[in-house]
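Chemist: Sharing a structure here in C-alpha cells format.
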Amino acid sequence: MDDDIVTLLWEKNLPHLTYILAEDFLEFDSAGGVPVVLGSQQDKISGIYRSIAESNTPPPAPMLIPQKILTLTEEETEWLRKNREEEEQRKPLDEVIQIITSILIGEKDPKMFGEFVEIMAKLTESLASAGEIKYTLSLVKFLGNLANNEHIPSSGRELVFGALGTIFSERTIKALAQTLNTTELVEPEELLELLHFLGKPLLGRICDLLGIVEKMKMRKAVIQALIEVGHDSPQVFFPFLSDQRWFVARNMVFVLTRIGSAAALDQVVRLISHKEPPVRREVLNYLEKIPDAKAKTYILKFLRDESSAIRIRALQVLGSSKCVFALKPIAALAASEQFAEREIAEKKAVFETMGELGADQMLPMFRDMLMKKFWFNKAREKESVICAVAGLLKVRSEAAVKLLEEANAVKSDEMREVITQAIETMTVENAKSATGP
C-alpha cells in the first residue's frame, strides 16, 4: 500500500516493459545519445519516447511466458535444503583426501601409483606439521593398511613403506609433541596405533618423540610402542643411553629391561655410576630381570652406591636371586669399619641377605651376635640382636628356631620381646611350608 504503481510494476520484472529512471535523463543527455529536450519534465519524457520510436533498432521480441510452471513439493524443497547445507559444510581438504585415496586404491599403473603415494606422504607430513593430528592419524592408518594389502604388488607396498618413513621428519615430531603436550586431541590408544604403523624404520624418531613428550600417559604409550615395535632391535636404543637428558637414558634402560635383551648388557652397565639415582635404580632393575649370570655380578657394585635406598635394593636383589657368590663380599662389608655408621634399616638388609644366601652356615655368626653382651652400651646390644634375628628369619630352619629359643632364655625382657616375636613368626611360616599352599 506504500508503493506507487511504477515500483510495483518494476518489482514484478515483466519482460515486455522497459524502465527509465527520471534521474538518468541528464546523464543520458550529457552522453550525447539523445538531443536535450527543453521544457517541463513531461516534455522531456515525451521527447525520449519519440527518440526511441524514431530509432531504426527493432524492439525486442516479447518473452513467451510458459503456460505450465513446475513447482517443488515440500519434501523436494527440504531435500534441496539439506543437500545445500551439507555442501556448504564440506571441506576442500576432505575432498582432496577422498580423491587421492580413491586413486591409490584403484590405480594399476606403477608409475602413477608411486606419484600419488608421494603426494599422499607430503600431504600427511604437512598436516602433521600443522597440528592436524586427526587427519594425520587417519592418513597414516590408511597408508599402513595399504602397505599390508596383499592385493597390491610387492613393489607398490615397498613404495608405501618408504613413504611412511618420510612422513615423520624432525619438524613433524616436534609438531606432534606440541599437540600431545598442549591439547587433548589424541588419546593414548590412538598414538600407540600411529606409532605401530610407523614401525621399525622410525624407531629412532619415536625415541626422539619420547624425549620431548611431557604428559605421563603419552610417555607410557610411546614406551609401549618402543617395546612392542623394537623387541628384536635393541641396538636402536643404544645411542640414547648416553643422552644428556637423564630421563631419556632411564627410559631407554626401562625399555631394554622390558624387552629382556641380554645383548644390551655391556651398554647398560656403563650407567652404573650415572650421577642421577633414578638411572642407577633402573640399571639395577635391568640387572635383576636379565637372565644372565654375568649380569648379577655387576650388582655387587651397587653395594657401594651413595644412595642408601639403592644399596638396600641391591642387597634384596642379591638375596632373592640366590647369588651365593655375593655372600663373602657382603660378609666383608658387614665387618668393615664404615658399616657401623650405616642406618639400622641397611644393617638389617645386610644380615637378611646373608641369612638368605648362607642359611645354616651363618648360625655361628648369628649366635655370637645374639649372645654377645655390651655391658656399657645396651643400644648396641639391642641392635646386634635385631640384626641377628633378621638374618635368622631368612634361615627359617629348625636349628634357627632352637638358637632363638636359647637366646630367649638368657636375654633381658626388652630383647626377649624381639626374639619371642621372631620365634612365633618363624613357627607360623614353617608350618605353612610344611602343609603347602
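Every chain in the C-alpha cells takes a letter, A first, then B, and so on in the order presented; its residues are numbered from 1, and the ligands are numbered from 1 following the presented order.
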Would you mind writing down, as a PyMOL selection string, each residue of stretch 238-409 of chain A that DSSP on the backbone assigns to alpha helix (DSSP H)?

Modeler: chain A and resi 246-259+265-268+277-289+293-297+308-320+327-335+344-358+363-371+378-395+398-408

Chemist: Within 9 Å of stretch 286-291 of chain A, which residues of stretch 299-358 of chain A come that close, and what is the closest atom pair and distance in Å for each? Count only C-alpha atoms and give it as a Markdown table.

Modeler:
| residue | atom | partner | partner_atom | distance |
| --- | --- | --- | --- | --- |
| A:Ile299 | CA | A:Leu287 | CA | 7.0 |
| A:Ala314 | CA | A:Glu288 | CA | 9.0 |
| A:Val317 | CA | A:Glu288 | CA | 6.4 |
| A:Leu318 | CA | A:Glu288 | CA | 8.4 |
| A:Ser321 | CA | A:Glu288 | CA | 7.6 |

Chemist: For the selection you just gave me, I'd like the residues written to a file as a compact mmCIF listing (two decimals), in the first residue's frame, keeping N, CA, C and O atoms.

Modeler:
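This is the output file selection_9.txt:
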# COMPACT_ATOMS: atom_id res chain seq x y z
N ILE A 299 75.84 -56.41 40.13
CA ILE A 299 75.03 -55.87 41.22
C ILE A 299 75.89 -55.55 42.43
O ILE A 299 75.57 -54.64 43.22
N ALA A 314 69.85 -53.33 46.21
CA ALA A 314 70.84 -54.26 45.65
C ALA A 314 70.97 -55.51 46.52
O ALA A 314 71.06 -56.64 46.01
N VAL A 317 67.97 -57.74 45.89
CA VAL A 317 68.06 -58.43 44.60
C VAL A 317 69.03 -59.60 44.70
O VAL A 317 68.75 -60.70 44.19
N LEU A 318 70.16 -59.40 45.36
CA LEU A 318 71.13 -60.48 45.50
C LEU A 318 70.54 -61.65 46.28
O LEU A 318 70.79 -62.82 45.96
N SER A 321 67.67 -63.39 44.20
CA SER A 321 68.22 -64.07 43.03
C SER A 321 69.14 -65.23 43.41
O SER A 321 69.70 -65.88 42.51

Chemist: Just the residues within 9 Å of stretch 391-402 of chain A, please, counting only C-alpha atoms, with nothing from its chain fewer than 2 positions along; format it as a PyMOL selection string.

Modeler: chain A and resi 348-360+362-363+366+386-389+404-407+422-423+425-427+429-430

Chemist: Can you check which parts of stretch 136-240 of chain A lie within 8 Å of stretch 252-269 of chain A? Per residue, the shortest pair of atoms and distance in Å to one decimal, counting only C-alpha atoms, sorted by chain and number, as a Markdown table.

Modeler:
| residue | atom | partner | partner_atom | distance |
| --- | --- | --- | --- | --- |
| A:Ile223 | CA | A:Val255 | CA | 6.8 |
| A:Leu226 | CA | A:Val255 | CA | 7.1 |
| A:Ile227 | CA | A:Val255 | CA | 5.9 |
| A:His231 | CA | A:Ile259 | CA | 5.4 |
| A:Pro234 | CA | A:Ser261 | CA | 6.8 |
| A:Gln235 | CA | A:Ala264 | CA | 7.5 |
| A:Phe237 | CA | A:Met252 | CA | 6.4 |
| A:Phe238 | CA | A:Gln267 | CA | 6.8 |
| A:Phe240 | CA | A:Met252 | CA | 6.7 |

Chemist: Report as a PyMOL selection string all protein, DNA and RNA residues lying within 8 Å of A:Thr179, evaluated on only C-alpha atoms, omitting residues in the same chain fewer than 4 positions from it.

Modeler: chain A and resi 131+133+175+183-185

Chemist: Any chance you can output those residues with N, CA and C atoms as a PDB file, in the first residue's frame?

Modeler:
ATOM      1  N   GLY A 131      49.738 -29.550  12.887  1.00  0.00           N
ATOM      2  CA  GLY A 131      48.997 -29.919  14.090  1.00  0.00           C
ATOM      3  C   GLY A 131      47.659 -30.579  13.819  1.00  0.00           C
ATOM      4  N   ILE A 133      46.309 -33.468  13.784  1.00  0.00           N
ATOM      5  CA  ILE A 133      46.665 -34.832  14.179  1.00  0.00           C
ATOM      6  C   ILE A 133      45.585 -35.831  13.792  1.00  0.00           C
ATOM      7  N   ALA A 175      56.152 -30.998  16.030  1.00  0.00           N
ATOM      8  CA  ALA A 175      54.755 -30.564  15.944  1.00  0.00           C
ATOM      9  C   ALA A 175      53.827 -31.555  16.654  1.00  0.00           C
ATOM     10  N   THR A 183      47.288 -30.215  24.060  1.00  0.00           N
ATOM     11  CA  THR A 183      45.880 -30.476  23.758  1.00  0.00           C
ATOM     12  C   THR A 183      45.487 -31.881  24.205  1.00  0.00           C
ATOM     13  N   GLU A 184      44.190 -32.145  24.086  1.00  0.00           N
ATOM     14  CA  GLU A 184      43.657 -33.482  24.363  1.00  0.00           C
ATOM     15  C   GLU A 184      43.047 -34.086  23.089  1.00  0.00           C
ATOM     16  N   LEU A 185      43.605 -33.702  21.940  1.00  0.00           N
ATOM     17  CA  LEU A 185      43.050 -34.154  20.665  1.00  0.00           C
ATOM     18  C   LEU A 185      43.320 -35.625  20.386  1.00  0.00           C
TER      19      LEU A 185
END

Chemist: Give the answer as one residue: which of A:Val248, A:Lys122, A:Tyr298, A:Gln361 has the shortest atom-to-atom distance to A:Glu276, using only C-alpha atoms?

Modeler: A:Val248

Chemist: Can you tell me, as a compact mmCIF listing (two decimals) with N, CA, C and O atoms, in the first residue's frame, what residues are no more than 10 Å from stretch 91-100 of chain A when counting only C-alpha atoms, ignoring any on the same chain fewer than 5 positions away?

Modeler:
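Written out: out_5.txt:
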# COMPACT_ATOMS: atom_id res chain seq x y z
N ILE A 105 43.69 -46.55 -4.28
CA ILE A 105 43.04 -47.86 -4.16
C ILE A 105 42.85 -48.52 -5.53
O ILE A 105 43.03 -49.73 -5.68
N PHE A 116 51.30 -40.78 -6.75
CA PHE A 116 50.24 -40.43 -5.79
C PHE A 116 50.59 -40.86 -4.36
O PHE A 116 50.13 -40.24 -3.40
N VAL A 117 51.40 -41.90 -4.22
CA VAL A 117 51.90 -42.24 -2.88
C VAL A 117 52.76 -41.11 -2.35
O VAL A 117 52.67 -40.72 -1.17
N ILE A 119 52.54 -37.95 -3.23
CA ILE A 119 51.64 -36.83 -2.93
C ILE A 119 50.97 -37.04 -1.57
O ILE A 119 50.88 -36.12 -0.74
N MET A 120 50.50 -38.26 -1.32
CA MET A 120 49.84 -38.55 -0.05
C MET A 120 50.82 -38.39 1.12
O MET A 120 50.45 -37.87 2.19
N LEU A 123 51.35 -34.69 1.78
CA LEU A 123 50.14 -34.14 2.39
C LEU A 123 50.07 -34.51 3.87
O LEU A 123 49.77 -33.68 4.73
N THR A 124 50.36 -35.77 4.17
CA THR A 124 50.31 -36.23 5.56
C THR A 124 51.35 -35.51 6.41
O THR A 124 51.08 -35.11 7.55
N TYR A 135 43.64 -35.81 11.15
CA TYR A 135 43.85 -36.15 9.75
C TYR A 135 45.10 -37.03 9.59
O TYR A 135 45.12 -37.98 8.81
N LEU A 139 45.31 -40.73 7.86
CA LEU A 139 46.07 -40.99 6.64
C LEU A 139 47.18 -42.01 6.87
O LEU A 139 47.45 -42.85 6.01

Chemist: What is the distance between atom CA of A:Ala379 and atom CA of A:Glu343, in Å to one decimal?

Modeler: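 That distance, rounded to one decimal, is 13.4 Å.
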
Chemist: Quick one: pull the distance between atom CA of A:Val283 and atom CA of A:Leu241, Å, one decimal.

Modeler: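 Distance reported for this atom pair: 10.8 Å.
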
Chemist: List the neighbours of A:Asp208 out to 10 Å using only C-alpha atoms; skip same-chain residues closer than 2 positions along the sequence, and give me the result as a CSV table (one decimal) with all heavy atoms, in the first residue's frame.

Modeler:
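As written to disk, result17.csv reads:
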chain,number,residue,atom,x,y,z
A,170,GLU,N,62.1,-34.5,11.6
A,170,GLU,CA,62.3,-33.8,12.9
A,170,GLU,C,61.3,-32.7,13.1
A,170,GLU,O,60.8,-32.6,14.3
A,170,GLU,CB,63.7,-33.2,12.9
A,170,GLU,CG,64.1,-32.6,14.2
A,170,GLU,CD,65.5,-32.0,14.2
A,170,GLU,OE1,66.2,-32.3,13.2
A,170,GLU,OE2,65.9,-31.4,15.1
A,173,ILE,N,58.0,-34.4,14.2
A,173,ILE,CA,58.0,-34.9,15.5
A,173,ILE,C,57.8,-33.8,16.5
A,173,ILE,O,57.0,-34.0,17.5
A,173,ILE,CB,59.4,-35.6,15.8
A,173,ILE,CG1,59.4,-36.9,15.0
A,173,ILE,CG2,59.6,-35.9,17.3
A,173,ILE,CD1,58.4,-38.0,15.5
A,174,LYS,N,58.4,-32.7,16.3
A,174,LYS,CA,58.2,-31.5,17.2
A,174,LYS,C,56.7,-31.0,17.2
A,174,LYS,O,56.2,-30.7,18.3
A,174,LYS,CB,59.1,-30.4,16.9
A,174,LYS,CG,60.6,-30.7,17.1
A,174,LYS,CD,61.5,-29.5,16.8
A,174,LYS,CE,63.0,-29.8,17.1
A,174,LYS,NZ,63.9,-28.7,16.7
A,177,ALA,N,54.7,-33.5,19.2
A,177,ALA,CA,54.9,-33.4,20.6
A,177,ALA,C,54.1,-32.2,21.1
A,177,ALA,O,53.6,-32.2,22.2
A,177,ALA,CB,56.4,-33.3,20.9
A,202,LEU,N,61.3,-46.2,11.9
A,202,LEU,CA,61.2,-44.9,12.6
A,202,LEU,C,61.4,-45.1,14.1
A,202,LEU,O,61.0,-44.2,14.9
A,202,LEU,CB,59.9,-44.2,12.3
A,202,LEU,CG,59.8,-43.7,10.8
A,202,LEU,CD1,58.5,-43.0,10.6
A,202,LEU,CD2,60.9,-42.7,10.5
A,203,LEU,N,62.0,-46.2,14.6
A,203,LEU,CA,62.3,-46.3,16.0
A,203,LEU,C,63.1,-45.2,16.6
A,203,LEU,O,62.8,-44.7,17.7
A,203,LEU,CB,63.0,-47.7,16.3
A,203,LEU,CG,62.1,-48.9,16.3
A,203,LEU,CD1,63.0,-50.2,16.4
A,203,LEU,CD2,61.1,-48.8,17.5
A,204,GLY,N,64.1,-44.7,15.8
A,204,GLY,CA,64.9,-43.6,16.3
A,204,GLY,C,64.0,-42.4,16.5
A,204,GLY,O,64.2,-41.6,17.5
A,205,ARG,N,63.1,-42.1,15.5
A,205,ARG,CA,62.2,-40.9,15.7
A,205,ARG,C,61.3,-41.1,16.8
A,205,ARG,O,61.0,-40.1,17.5
A,205,ARG,CB,61.4,-40.8,14.4
A,205,ARG,CG,62.3,-40.3,13.2
A,205,ARG,CD,62.7,-38.9,13.3
A,205,ARG,NE,63.4,-38.5,12.1
A,205,ARG,CZ,64.2,-37.4,12.1
A,205,ARG,NH1,64.5,-36.7,13.1
A,205,ARG,NH2,64.8,-37.1,10.9
A,206,ILE,N,60.8,-42.3,17.1
A,206,ILE,CA,60.0,-42.5,18.2
A,206,ILE,C,60.7,-42.2,19.5
A,206,ILE,O,60.1,-41.7,20.5
A,206,ILE,CB,59.4,-43.9,18.2
A,206,ILE,CG1,58.6,-44.1,16.9
A,206,ILE,CG2,58.5,-44.2,19.4
A,206,ILE,CD1,58.1,-45.5,16.7
A,210,LEU,N,59.8,-39.5,22.5
A,210,LEU,CA,59.8,-39.8,23.9
A,210,LEU,C,60.5,-38.8,24.7
A,210,LEU,O,60.1,-38.5,25.8
A,210,LEU,CB,60.4,-41.2,24.2
A,210,LEU,CG,60.4,-41.7,25.6
A,210,LEU,CD1,59.0,-41.7,26.2
A,210,LEU,CD2,61.1,-43.1,25.7
A,211,GLY,N,61.6,-38.2,24.2
A,211,GLY,CA,62.4,-37.2,24.9
A,211,GLY,C,61.7,-35.9,25.0
A,211,GLY,O,62.1,-35.1,25.9
A,212,ILE,N,60.7,-35.6,24.2
A,212,ILE,CA,60.0,-34.3,24.3
A,212,ILE,C,58.6,-34.3,24.7
A,212,ILE,O,57.9,-33.3,24.8
A,212,ILE,CB,60.2,-33.5,23.0
A,212,ILE,CG1,59.7,-34.3,21.8
A,212,ILE,CG2,61.7,-33.1,22.8
A,212,ILE,CD1,59.9,-33.6,20.5
A,213,VAL,N,58.0,-35.5,24.9
A,213,VAL,CA,56.6,-35.6,25.3
A,213,VAL,C,56.6,-35.4,26.9
A,213,VAL,O,57.4,-36.1,27.6
A,213,VAL,CB,56.0,-37.0,24.9
A,213,VAL,CG1,54.7,-37.2,25.6
A,213,VAL,CG2,55.9,-37.0,23.4
A,240,PHE,N,70.8,-43.8,22.6
A,240,PHE,CA,70.1,-43.0,23.5
A,240,PHE,C,70.4,-43.2,25.0
A,240,PHE,O,70.0,-42.4,25.9
A,240,PHE,CB,68.6,-43.2,23.3
A,240,PHE,CG,68.1,-42.8,21.9
A,240,PHE,CD1,68.0,-43.7,20.9
A,240,PHE,CD2,67.7,-41.5,21.7
A,240,PHE,CE1,67.6,-43.3,19.6
A,240,PHE,CE2,67.3,-41.0,20.4
A,240,PHE,CZ,67.2,-42.0,19.4
A,248,VAL,N,65.7,-39.6,29.6
A,248,VAL,CA,65.8,-40.3,28.3
A,248,VAL,C,66.6,-41.6,28.5
A,248,VAL,O,66.2,-42.7,28.1
A,248,VAL,CB,66.4,-39.5,27.2
A,248,VAL,CG1,66.6,-40.4,25.9
A,248,VAL,CG2,65.5,-38.3,26.9
